[in-house]
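K.L.:
I am sharing input.csv, which consists of CSV, C-alpha atoms:
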```csv
chain,number,residue,atom,x,y,z
A,1,MET,CA,-52.2,-17.6,6.2
A,2,ALA,CA,-49.1,-18.4,4.1
A,3,PRO,CA,-49.3,-17.9,0.3
A,4,ASP,CA,-49.9,-20.8,-2.0
A,5,SER,CA,-46.6,-20.7,-3.9
A,6,PRO,CA,-43.3,-21.2,-2.0
A,7,SER,CA,-41.2,-18.2,-1.4
A,8,ARG,CA,-37.8,-17.8,0.3
A,9,ILE,CA,-36.2,-15.1,2.4
A,10,LEU,CA,-33.1,-14.0,0.5
A,11,PHE,CA,-30.4,-11.4,1.2
A,12,ARG,CA,-28.6,-9.1,-1.2
A,13,THR,CA,-25.5,-7.2,0.1
A,14,TRP,CA,-24.9,-4.1,-2.0
A,15,SER,CA,-23.4,-0.6,-2.1
A,16,TYR,CA,-24.0,2.1,-4.7
A,17,SER,CA,-20.9,0.9,-6.5
A,18,SER,CA,-22.2,-2.6,-6.9
A,19,ALA,CA,-22.9,-3.9,-10.4
A,20,GLY,CA,-26.2,-2.9,-11.9
A,21,THR,CA,-28.6,-0.4,-10.4
A,22,ASN,CA,-29.0,-0.8,-6.7
A,23,SER,CA,-31.3,1.1,-4.3
A,24,ARG,CA,-33.6,0.6,-1.3
A,25,ARG,CA,-36.5,0.3,-3.8
A,26,GLY,CA,-35.1,-2.6,-5.8
A,27,PHE,CA,-32.5,-3.8,-8.2
A,28,ARG,CA,-31.8,-3.8,-12.0
A,29,SER,CA,-29.2,-6.0,-13.7
A,30,GLY,CA,-26.3,-4.4,-15.5
A,31,ASP,CA,-27.7,-5.6,-18.8
A,32,ARG,CA,-31.0,-3.7,-19.0
A,33,ASN,CA,-32.1,-5.0,-22.4
A,34,CYS,CA,-34.7,-7.4,-21.1
A,35,ARG,CA,-35.2,-10.1,-23.7
A,36,VAL,CA,-35.5,-13.9,-24.2
A,37,ILE,CA,-32.0,-15.4,-24.3
A,38,ASP,CA,-31.0,-18.8,-25.5
A,39,ASP,CA,-28.8,-21.3,-23.6
A,40,PHE,CA,-25.6,-20.3,-25.3
A,41,GLU,CA,-26.1,-16.6,-24.3
A,42,LEU,CA,-27.2,-17.7,-20.8
A,43,ALA,CA,-24.0,-19.7,-20.3
A,44,GLU,CA,-22.0,-16.6,-21.4
A,45,HIS,CA,-23.9,-14.4,-18.9
A,46,PHE,CA,-23.3,-17.0,-16.1
A,47,GLU,CA,-19.6,-17.2,-16.9
A,48,ASN,CA,-19.3,-13.4,-16.8
A,49,HIS,CA,-21.4,-13.1,-13.7
A,50,SER,CA,-19.3,-15.7,-11.8
A,51,ASN,CA,-16.0,-13.9,-12.7
A,52,LEU,CA,-15.5,-11.4,-9.9
A,53,ASN,CA,-13.2,-9.3,-12.1
A,54,ASN,CA,-15.8,-9.2,-14.9
A,55,ARG,CA,-17.0,-5.8,-16.1
A,56,THR,CA,-19.3,-7.0,-18.8
A,57,PRO,CA,-23.0,-6.4,-17.8
A,58,THR,CA,-25.1,-9.5,-17.3
A,59,CYS,CA,-28.8,-10.2,-16.9
A,60,LEU,CA,-28.2,-11.8,-13.5
A,61,ILE,CA,-28.6,-10.5,-9.9
A,62,SER,CA,-27.1,-12.4,-7.0
A,63,THR,CA,-28.8,-13.1,-3.7
A,64,THR,CA,-28.2,-15.7,-1.0
A,65,ASP,CA,-30.3,-17.4,1.7
A,66,ASP,CA,-27.2,-17.4,4.0
A,67,PRO,CA,-27.2,-14.5,6.4
A,68,VAL,CA,-23.6,-15.3,7.4
A,69,ARG,CA,-22.4,-15.0,3.8
A,70,ALA,CA,-24.3,-11.7,3.4
A,71,LEU,CA,-22.9,-10.2,6.6
A,72,ARG,CA,-19.4,-11.3,5.8
A,73,TYR,CA,-19.6,-9.7,2.4
A,74,ALA,CA,-20.9,-6.4,3.9
A,75,ILE,CA,-18.0,-6.2,6.3
A,76,ASN,CA,-15.6,-6.9,3.5
A,77,LEU,CA,-17.0,-4.1,1.5
A,78,GLN,CA,-16.4,-1.8,4.4
A,79,ALA,CA,-12.8,-3.1,4.7
A,80,GLN,CA,-12.3,-2.3,1.0
A,81,GLY,CA,-13.1,1.4,1.7
A,82,GLU,CA,-16.9,1.6,1.5
A,83,ASP,CA,-18.5,3.8,4.1
A,84,ASP,CA,-20.7,1.9,6.6
A,85,ASN,CA,-23.7,4.0,5.6
A,86,ASP,CA,-23.2,3.1,2.0
A,87,VAL,CA,-23.2,-0.7,2.5
A,88,HIS,CA,-26.6,-2.3,2.8
A,89,ILE,CA,-28.3,-5.7,3.1
A,90,SER,CA,-31.7,-5.9,1.4
A,91,ILE,CA,-34.0,-8.8,2.6
A,92,ILE,CA,-36.1,-10.1,-0.2
A,93,ARG,CA,-39.1,-12.4,-0.2
A,94,SER,CA,-39.7,-14.0,-3.6
A,95,ASN,CA,-40.3,-17.2,-5.6
A,96,ARG,CA,-38.9,-15.8,-8.8
A,97,TYR,CA,-35.3,-16.9,-8.2
A,98,VAL,CA,-33.3,-19.6,-9.9
A,99,ARG,CA,-30.9,-21.7,-7.8
A,100,GLY,CA,-27.3,-20.9,-8.5
A,101,GLU,CA,-26.2,-24.5,-8.2
A,102,ASN,CA,-28.7,-25.4,-11.0
A,103,PHE,CA,-26.8,-23.0,-13.3
A,104,ALA,CA,-23.5,-24.4,-12.1
A,105,THR,CA,-24.6,-28.0,-12.8
A,106,LEU,CA,-25.2,-27.0,-16.4
A,107,PHE,CA,-22.4,-24.5,-17.0
A,108,ASP,CA,-19.7,-25.0,-14.3
A,109,PRO,CA,-20.1,-28.4,-12.7
A,110,GLU,CA,-16.6,-28.4,-11.2
A,111,ASN,CA,-17.6,-25.4,-9.0
A,112,GLU,CA,-21.2,-26.4,-8.3
A,113,ARG,CA,-20.6,-26.4,-4.5
A,114,LEU,CA,-19.7,-22.8,-4.6
A,115,PHE,CA,-23.2,-21.8,-5.6
A,116,LYS,CA,-25.1,-23.9,-3.1
A,117,THR,CA,-26.4,-20.8,-1.2
A,118,GLU,CA,-26.7,-18.5,-4.2
A,119,PHE,CA,-30.1,-17.6,-5.8
A,120,LEU,CA,-30.2,-15.7,-9.0
A,121,PHE,CA,-32.8,-13.3,-10.5
A,122,PHE,CA,-33.1,-12.3,-14.1
A,123,TRP,CA,-33.1,-8.6,-14.9
A,124,GLU,CA,-34.7,-7.2,-11.8
A,125,ILE,CA,-35.8,-7.6,-8.2
A,126,LYS,CA,-39.0,-5.7,-7.8
A,127,PRO,CA,-39.8,-3.1,-5.1
A,128,THR,CA,-42.7,-5.3,-3.9
A,129,GLU,CA,-40.2,-8.1,-3.1
A,130,ILE,CA,-38.1,-6.0,-0.7
A,131,LEU,CA,-39.1,-6.7,2.9
A,132,HIS,CA,-36.5,-4.8,4.7
A,133,VAL,CA,-33.2,-2.8,4.1
A,134,VAL,CA,-30.6,-2.2,6.7
A,135,SER,CA,-27.2,-0.5,6.5
A,136,LEU,CA,-24.0,-2.0,7.9
A,137,ASP,CA,-23.8,1.1,10.1
A,138,THR,CA,-27.1,0.2,11.7
A,139,LEU,CA,-26.1,-3.5,12.1
A,140,VAL,CA,-22.9,-2.5,13.9
A,141,GLY,CA,-24.7,0.1,16.0
A,142,ASN,CA,-27.2,-2.5,17.1
A,143,GLY,CA,-24.3,-4.7,18.4
A,144,LEU,CA,-23.8,-7.2,15.6
A,145,LEU,CA,-20.0,-7.5,16.2
A,146,ASN,CA,-20.5,-7.9,19.9
A,147,ARG,CA,-23.0,-10.7,19.4
A,148,PHE,CA,-21.4,-12.4,16.4
A,149,LYS,CA,-17.8,-11.9,17.3
A,150,VAL,CA,-16.4,-14.1,14.5
A,151,LEU,CA,-17.5,-11.4,12.0
A,152,ASP,CA,-15.4,-8.8,13.7
A,153,PRO,CA,-12.1,-8.4,11.8
A,154,GLU,CA,-10.4,-7.8,15.1
A,155,TYR,CA,-11.3,-11.3,16.2
A,156,TRP,CA,-8.8,-12.7,13.7
A,157,VAL,CA,-5.0,-12.5,13.5
A,158,GLY,CA,-4.2,-9.7,11.1
A,159,GLY,CA,-7.5,-7.9,11.6
A,160,THR,CA,-9.1,-9.1,8.4
A,161,LEU,CA,-11.9,-11.6,7.9
A,162,PRO,CA,-10.8,-14.9,6.4
A,163,LEU,CA,-12.6,-17.0,3.8
A,164,LEU,CA,-16.2,-17.9,4.5
A,165,TRP,CA,-15.4,-21.6,5.1
A,166,THR,CA,-12.9,-20.5,7.8
A,167,VAL,CA,-15.5,-18.3,9.5
A,168,ARG,CA,-18.0,-21.3,9.4
A,169,ASN,CA,-15.4,-23.6,10.9
A,170,GLU,CA,-14.8,-21.2,13.7
A,171,ILE,CA,-18.6,-20.9,14.4
A,172,CYS,CA,-18.8,-24.7,14.4
A,173,ARG,CA,-15.9,-24.9,16.9
A,174,ASN,CA,-17.5,-22.4,19.2
A,175,ASN,CA,-20.8,-24.2,19.1
A,176,GLU,CA,-19.2,-27.5,19.8
A,177,GLU,CA,-17.3,-26.0,22.7
A,178,ALA,CA,-20.5,-24.5,24.1
A,179,TRP,CA,-22.0,-28.0,24.0
A,180,SER,CA,-19.1,-29.8,25.5
A,181,ARG,CA,-18.2,-27.3,28.2
A,182,GLY,CA,-21.5,-25.7,29.1
A,183,ASP,CA,-24.8,-27.0,30.5
A,184,ARG,CA,-26.0,-29.4,27.9
A,185,SER,CA,-29.5,-29.3,29.3
A,186,THR,CA,-29.9,-25.6,28.3
A,187,TRP,CA,-27.8,-25.7,25.2
A,188,PRO,CA,-30.8,-25.6,22.7
A,189,GLU,CA,-32.4,-22.6,24.5
A,190,ARG,CA,-29.1,-20.7,24.7
A,191,SER,CA,-28.5,-21.4,21.0
A,192,GLY,CA,-31.9,-20.2,20.0
A,193,ARG,CA,-31.6,-17.0,22.1
A,194,TYR,CA,-28.2,-16.4,20.6
A,195,VAL,CA,-29.3,-16.4,16.9
A,196,ALA,CA,-32.4,-14.5,17.8
A,197,ALA,CA,-30.2,-11.8,19.3
A,198,ILE,CA,-28.2,-11.6,16.1
A,199,ALA,CA,-31.4,-11.4,14.0
A,200,LYS,CA,-32.6,-8.5,16.1
A,201,CYS,CA,-29.6,-6.5,15.0
A,202,PHE,CA,-31.3,-6.1,11.7
A,203,GLY,CA,-33.8,-3.7,13.3
A,204,ASN,CA,-37.5,-3.3,13.6
A,205,GLY,CA,-39.5,-4.6,10.7
A,206,ALA,CA,-37.0,-7.3,9.7
A,207,PRO,CA,-38.2,-10.9,9.4
A,208,HIS,CA,-36.4,-11.9,12.6
A,209,ARG,CA,-37.4,-15.5,12.8
A,210,ALA,CA,-36.3,-16.3,9.3
A,211,ILE,CA,-33.0,-14.5,9.9
A,212,ALA,CA,-32.4,-16.4,13.1
A,213,SER,CA,-33.4,-19.8,11.6
A,214,LEU,CA,-31.3,-19.3,8.6
A,215,THR,CA,-28.3,-18.1,10.6
A,216,TRP,CA,-28.6,-21.3,12.7
A,217,HIS,CA,-29.0,-23.5,9.7
A,218,HIS,CA,-26.1,-22.0,7.7
A,219,GLY,CA,-23.9,-20.9,10.6
A,220,THR,CA,-23.8,-23.7,13.2
A,221,HIS,CA,-22.5,-26.8,11.2
A,222,PHE,CA,-22.4,-28.6,14.5
A,223,LYS,CA,-25.0,-31.1,15.7
A,224,PRO,CA,-24.7,-33.2,18.8
A,225,ASN,CA,-25.4,-36.9,18.6
A,226,ASN,CA,-29.2,-37.6,18.4
A,227,TYR,CA,-29.8,-33.9,17.6
A,228,GLU,CA,-33.2,-34.7,15.9
A,229,ASN,CA,-34.0,-37.8,17.9
A,230,TRP,CA,-33.8,-35.9,21.2
A,231,GLY,CA,-35.8,-33.0,19.7
A,232,LEU,CA,-33.0,-30.5,20.2
A,233,ASP,CA,-33.7,-28.9,16.9
A,234,LEU,CA,-37.3,-28.2,18.0
A,235,ARG,CA,-36.1,-26.7,21.2
A,236,VAL,CA,-33.8,-24.3,19.3
A,237,ARG,CA,-36.7,-23.4,17.1
A,238,ASP,CA,-39.0,-22.8,20.1
A,239,ALA,CA,-36.4,-20.7,21.9
A,240,ILE,CA,-36.2,-18.4,18.8
A,241,GLN,CA,-39.9,-18.1,18.7
A,242,GLU,CA,-40.1,-17.3,22.4
A,243,VAL,CA,-37.7,-14.4,22.1
A,244,LEU,CA,-39.6,-12.9,19.2
A,245,ASP,CA,-43.0,-13.4,20.7
A,246,ARG,CA,-41.8,-11.7,23.9
A,247,ASN,CA,-40.8,-8.7,21.8
A,248,GLY,CA,-43.8,-8.7,19.6
A,249,ASN,CA,-41.7,-9.4,16.5
A,250,SER,CA,-43.6,-12.4,15.0
A,251,ARG,CA,-45.2,-12.2,11.6
A,252,TRP,CA,-46.9,-14.9,9.5
A,253,TYR,CA,-44.4,-14.6,6.6
A,254,ASP,CA,-41.6,-14.5,9.1
A,255,GLN,CA,-42.7,-17.7,10.8
A,256,TRP,CA,-43.5,-19.5,7.5
A,257,CYS,CA,-40.3,-18.6,5.6
A,258,GLY,CA,-38.3,-19.4,8.7
A,259,GLU,CA,-39.3,-23.0,8.2
A,260,LEU,CA,-37.3,-23.0,5.0
A,261,ALA,CA,-34.2,-23.1,7.1
A,262,SER,CA,-34.8,-26.8,7.5
A,263,VAL,CA,-35.4,-27.6,3.8
```
What does this structure look like when you write it as structure tokens?
P.N.:
Amino acid sequence: MAPDSPSRILFRTWSYSSAGTNSRRGFRSGDRNCRVIDDFELAEHFENHSNLNNRTPTCLISTTDDPVRALRYAINLQAQGEDDNDVHISIIRSNRYVRGENFATLFDPENERLFKTEFLFFWEIKPTEILHVVSLDTLVGNGLLNRFKVLDPEYWVGGTLPLLWTVRNEICRNNEEAWSRGDRSTWPERSGRYVAAIAKCFGNGAPHRAIASLTWHHGTHFKPNNYENWGLDLRVRDAIQEVLDRNGNSRWYDQWCGELASV
């Protein structure tokens, strides 16, 4: 059965050069002096954490519930010179996070929308909260860029990934084209199988249904008219489940946390 307290499936993309202490066994923030901090100091930590050029250690550790964002960042790290084997995505199951947009509402309201899919941890992410770790090398070897072509830098003019919103818009355009030009009667099933295939690139032991559901939720940004009224959302969900059941990849936490994609 599912636990009493709500948890989320979250993703942290990292390499050994990332801020703080990062490993397959968990994460520690750059500022390791665990203490109670007041709102003034917290605002300072959040400001420093939000500055990509900042080198001052903070108490915050970033994660996201958006697999597309996590994957894009991993590929960008590789493009910046990191070895594929040194770039990883850790999948976390926890309820100890704080929503990034809540911090932004207090400390940076003009940029609140930028933190919609960010979830922050104070001081550490514990080993017991790590469900799965996969390297970019494994993801690519399992066919990620063949299945999710918009994440392949060679898909784009210039051979580099554009900004995240541009990637999302292209995914939306492709989904809309699949609806308008393909067989609409099978579109939900094809869509479900598509994101399930992407999720399976994370390898055995990963929470595949949650990954697939969250990829669909954050990646599609296209819904035909009467999407919910016609039950198309349920058919996408059932198609994901069918693929995973067929391969013996369903787990109770996977199924339960996957439902958070619709929250």
K.L.:
Excluding A:Phe122 and residues on its chain fewer than 5 positions from it, collect all residues at most 8 Å away from it, counting all atoms listed in the file, and give them as a PyMOL selection string.
P.N.:
chain A and resi 29+59-61+97
K.L.:
Store the residues of this selection in a file with C-alpha atoms, as a PDB file, keeping the file's coordinate frame.
P.N.:
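What follows is the written file result_14.pdb:
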```
ATOM      1  CA  SER A  29     -29.200  -6.000 -13.700  1.00  0.00           C
ATOM      2  CA  CYS A  59     -28.800 -10.200 -16.900  1.00  0.00           C
ATOM      3  CA  LEU A  60     -28.200 -11.800 -13.500  1.00  0.00           C
ATOM      4  CA  ILE A  61     -28.600 -10.500  -9.900  1.00  0.00           C
ATOM      5  CA  TYR A  97     -35.300 -16.900  -8.200  1.00  0.00           C
TER       6      TYR A  97
END
```
K.L.:
For A:Leu163, list every protein, DNA or RNA residue within 12 Å, evaluated using all atoms listed in the file, and leave out those in the same chain fewer than 5 positions away; present the list as a ChimeraX atom specification.
P.N.:
/A:68-69,72-73,76,150-151,153,156,168-170
K.L.:
Using C-alpha atoms, can you write the selected residues to a file as a PDB file, in the frame of the given file?
P.N.:
```pdb
ATOM      1  CA  VAL A  68     -23.600 -15.300   7.400  1.00  0.00           C
ATOM      2  CA  ARG A  69     -22.400 -15.000   3.800  1.00  0.00           C
ATOM      3  CA  ARG A  72     -19.400 -11.300   5.800  1.00  0.00           C
ATOM      4  CA  TYR A  73     -19.600  -9.700   2.400  1.00  0.00           C
ATOM      5  CA  ASN A  76     -15.600  -6.900   3.500  1.00  0.00           C
ATOM      6  CA  VAL A 150     -16.400 -14.100  14.500  1.00  0.00           C
ATOM      7  CA  LEU A 151     -17.500 -11.400  12.000  1.00  0.00           C
ATOM      8  CA  PRO A 153     -12.100  -8.400  11.800  1.00  0.00           C
ATOM      9  CA  TRP A 156      -8.800 -12.700  13.700  1.00  0.00           C
ATOM     10  CA  ARG A 168     -18.000 -21.300   9.400  1.00  0.00           C
ATOM     11  CA  ASN A 169     -15.400 -23.600  10.900  1.00  0.00           C
ATOM     12  CA  GLU A 170     -14.800 -21.200  13.700  1.00  0.00           C
TER      13      GLU A 170
END
```
K.L.:
Return the single residue from A:Ile92, A:Ala74, A:Ala178, A:Leu120 that is closest to A:His132, with distances computed using all atoms listed in the file.
P.N.:
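When distances to A:His132 are compared using all atoms listed in the file, the smallest one comes from A:Ile92.
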K.L.:
Using all atoms listed in the file, pick whichever of A:Asn53, A:Ile211, A:Ser23, A:Thr58 has the shortest atom-to-atom distance to A:Arg35.
P.N.:
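Result for the nearest residue to A:Arg35: A:Thr58.
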K.L.:
From the list A:Val36, A:Leu232, A:Cys172, A:Gly203, which residue is nearest A:Arg184 when using only C-alpha atoms?
P.N.:
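For A:Arg184, the nearest of the given residues is A:Leu232.
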K.L.:
Taking 4 positions as the minimum chain separation for residues in the same chain, which residues sit within 6 Å of stretch 134-143 of chain A when counting all atoms listed in the file? Answer as a PyMOL selection string.
P.N.:
chain A and resi 84-85+87-89+201-202
K.L.:
Please provide as a list in words all residues within 12 Å of A:Thr186, with the sequence filter that same-chain residues fewer than 6 positions apart are discarded (counting all atoms listed in the file).
P.N.:
Ala178, Trp179, Ser180, Gly192, Arg193, Leu232, Arg235, Val236 and Ala239 of chain A
K.L.:
Name all residues at most 12 Å from A:Gly26 (count all atoms listed in the file; drop same-chain ones fewer than 6 positions away) and give them as a PDB file with C-alpha atoms, keeping the file's coordinate frame.
P.N.:
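And here is the file that came out, around.pdb:
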```pdb
ATOM      1  CA  ARG A  12     -28.600  -9.100  -1.200  1.00  0.00           C
ATOM      2  CA  TRP A  14     -24.900  -4.100  -2.000  1.00  0.00           C
ATOM      3  CA  GLY A  20     -26.200  -2.900 -11.900  1.00  0.00           C
ATOM      4  CA  ILE A  61     -28.600 -10.500  -9.900  1.00  0.00           C
ATOM      5  CA  ILE A  89     -28.300  -5.700   3.100  1.00  0.00           C
ATOM      6  CA  SER A  90     -31.700  -5.900   1.400  1.00  0.00           C
ATOM      7  CA  ILE A  91     -34.000  -8.800   2.600  1.00  0.00           C
ATOM      8  CA  ILE A  92     -36.100 -10.100  -0.200  1.00  0.00           C
ATOM      9  CA  ARG A  93     -39.100 -12.400  -0.200  1.00  0.00           C
ATOM     10  CA  PHE A 121     -32.800 -13.300 -10.500  1.00  0.00           C
ATOM     11  CA  TRP A 123     -33.100  -8.600 -14.900  1.00  0.00           C
ATOM     12  CA  GLU A 124     -34.700  -7.200 -11.800  1.00  0.00           C
ATOM     13  CA  ILE A 125     -35.800  -7.600  -8.200  1.00  0.00           C
ATOM     14  CA  LYS A 126     -39.000  -5.700  -7.800  1.00  0.00           C
ATOM     15  CA  PRO A 127     -39.800  -3.100  -5.100  1.00  0.00           C
ATOM     16  CA  THR A 128     -42.700  -5.300  -3.900  1.00  0.00           C
ATOM     17  CA  GLU A 129     -40.200  -8.100  -3.100  1.00  0.00           C
ATOM     18  CA  ILE A 130     -38.100  -6.000  -0.700  1.00  0.00           C
ATOM     19  CA  LEU A 131     -39.100  -6.700   2.900  1.00  0.00           C
ATOM     20  CA  HIS A 132     -36.500  -4.800   4.700  1.00  0.00           C
ATOM     21  CA  VAL A 133     -33.200  -2.800   4.100  1.00  0.00           C
TER      22      VAL A 133
END
```
K.L.:
Take atom CA of A:Leu71 and atom CA of A:Tyr194 and report the distance between them in Å, one decimal.
P.N.:
16.2 Å
K.L.:
Counting only C-alpha atoms, figure out which residue out of A:Gly219, A:Phe46, A:Arg28, A:Asn33 gets nearest to A:Thr166.
P.N.:
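The shortest atom-to-atom distance to A:Thr166 comes from A:Gly219.
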